[in-house]
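The next block holds one structure in the form of structure tokens; read it before the comments.
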Amino acid sequence: MITETNQFGWIFTLDEEKLRKIIAGTVQELLEQRDALARPEKLYTTEEAANLLNISKITLHRWKDAGRIAPVQVKGSRKLLYAESEINRVLNR
């Protein structure tokens, strides 16, 4: 048994098994975050993004202007690309 006091002065007790589960869960979350950052994200052109969203390119530009979807601007260019995660976020709304 481990007895601790948190930042609010509350006393709590954890047995070793609960503590192991908490640590294992935290480590797993951190590893998943690290892996997500290590994987380059797929980027789509305006036409590809519009097709994936089943909308016209004009509607995609309107959504961009309204802040409904956020593109990524290619450095040194006016070209806009759309991240897969952003397209999925819009699809899952």
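A note on labels: chains of the structure tokens are A, B, ... as shown, every chain counts residues from 1, and ligands are counted from 1 in their shown order.
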List the neighbours of A:Ala70 out to 10 Å using only C-alpha atoms; skip same-chain residues closer than 5 positions along the sequence, and give me the result as a PyMOL selection string. chain A and resi 63-65+80-83+86-87+90
Taking the DSSP secondary structure from the backbone, can you list the residues of chain A that are strand (DSSP E), as a VMD selection string?
chain A and resid 2 to 5 11 to 14 43 to 44 72 to 73 80 to 83
Store the residues picked out above, limited to N, CA and C atoms, as a PDB file, in the first residue's frame.
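Wrote it out as result14.pdb, contents follow:
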ATOM      1  N   ILE A   2       0.468   2.198  -0.779  1.00  0.00           N
ATOM      2  CA  ILE A   2       1.181   3.466  -0.847  1.00  0.00           C
ATOM      3  C   ILE A   2       0.202   4.565  -0.476  1.00  0.00           C
ATOM      4  N   THR A   3       0.569   5.389   0.485  1.00  0.00           N
ATOM      5  CA  THR A   3      -0.278   6.501   0.888  1.00  0.00           C
ATOM      6  C   THR A   3       0.419   7.794   0.488  1.00  0.00           C
ATOM      7  N   GLU A   4      -0.298   8.654  -0.213  1.00  0.00           N
ATOM      8  CA  GLU A   4       0.255   9.911  -0.715  1.00  0.00           C
ATOM      9  C   GLU A   4      -0.694  11.055  -0.402  1.00  0.00           C
ATOM     10  N   THR A   5      -0.170  12.260  -0.466  1.00  0.00           N
ATOM     11  CA  THR A   5      -0.981  13.467  -0.347  1.00  0.00           C
ATOM     12  C   THR A   5      -0.816  14.232  -1.649  1.00  0.00           C
ATOM     13  N   ILE A  11      -5.559  12.953   1.007  1.00  0.00           N
ATOM     14  CA  ILE A  11      -4.784  11.734   1.232  1.00  0.00           C
ATOM     15  C   ILE A  11      -5.463  10.604   0.465  1.00  0.00           C
ATOM     16  N   PHE A  12      -4.675   9.858  -0.270  1.00  0.00           N
ATOM     17  CA  PHE A  12      -5.227   8.726  -1.007  1.00  0.00           C
ATOM     18  C   PHE A  12      -4.271   7.547  -0.898  1.00  0.00           C
ATOM     19  N   THR A  13      -4.822   6.380  -1.079  1.00  0.00           N
ATOM     20  CA  THR A  13      -4.043   5.155  -0.961  1.00  0.00           C
ATOM     21  C   THR A  13      -4.172   4.355  -2.249  1.00  0.00           C
ATOM     22  N   LEU A  14      -3.050   3.874  -2.711  1.00  0.00           N
ATOM     23  CA  LEU A  14      -3.024   3.019  -3.892  1.00  0.00           C
ATOM     24  C   LEU A  14      -2.287   1.740  -3.544  1.00  0.00           C
ATOM     25  N   LEU A  43      -1.295  14.283 -46.768  1.00  0.00           N
ATOM     26  CA  LEU A  43      -1.857  15.572 -47.162  1.00  0.00           C
ATOM     27  C   LEU A  43      -2.522  15.423 -48.524  1.00  0.00           C
ATOM     28  N   TYR A  44      -3.650  16.111 -48.682  1.00  0.00           N
ATOM     29  CA  TYR A  44      -4.427  16.018 -49.911  1.00  0.00           C
ATOM     30  C   TYR A  44      -4.532  17.385 -50.578  1.00  0.00           C
ATOM     31  N   VAL A  72      -3.296  23.444 -44.718  1.00  0.00           N
ATOM     32  CA  VAL A  72      -1.880  23.665 -44.434  1.00  0.00           C
ATOM     33  C   VAL A  72      -1.303  24.357 -45.657  1.00  0.00           C
ATOM     34  N   GLN A  73      -0.590  25.457 -45.434  1.00  0.00           N
ATOM     35  CA  GLN A  73       0.006  26.159 -46.571  1.00  0.00           C
ATOM     36  C   GLN A  73       1.415  25.640 -46.794  1.00  0.00           C
ATOM     37  N   LEU A  80      -2.403  25.233 -51.063  1.00  0.00           N
ATOM     38  CA  LEU A  80      -2.988  24.738 -49.822  1.00  0.00           C
ATOM     39  C   LEU A  80      -3.198  23.232 -49.919  1.00  0.00           C
ATOM     40  N   LEU A  81      -2.886  22.548 -48.831  1.00  0.00           N
ATOM     41  CA  LEU A  81      -3.131  21.117 -48.733  1.00  0.00           C
ATOM     42  C   LEU A  81      -3.980  20.863 -47.497  1.00  0.00           C
ATOM     43  N   TYR A  82      -4.640  19.734 -47.472  1.00  0.00           N
ATOM     44  CA  TYR A  82      -5.539  19.402 -46.364  1.00  0.00           C
ATOM     45  C   TYR A  82      -5.071  18.111 -45.714  1.00  0.00           C
ATOM     46  N   ALA A  83      -4.823  18.165 -44.402  1.00  0.00           N
ATOM     47  CA  ALA A  83      -4.346  17.004 -43.658  1.00  0.00           C
ATOM     48  C   ALA A  83      -5.467  15.978 -43.503  1.00  0.00           C
TER      49      ALA A  83
END
As a check of understanding: the span from atom CA of A:Leu53 to atom CA of A:Arg39 is 23.0 Å
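Closest approach to A:Glu84 among A:His61, A:Lys18, A:Lys42, A:Arg34: A:Lys42, based on only C-alpha atoms.
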(request) From the DSSP assignment of the backbone, select every residue of stretch 22-68 of chain A that is helix (DSSP H, G or I), and format the answer as a ChimeraX atom specification. (result) /A:22-38,46-53,57-66
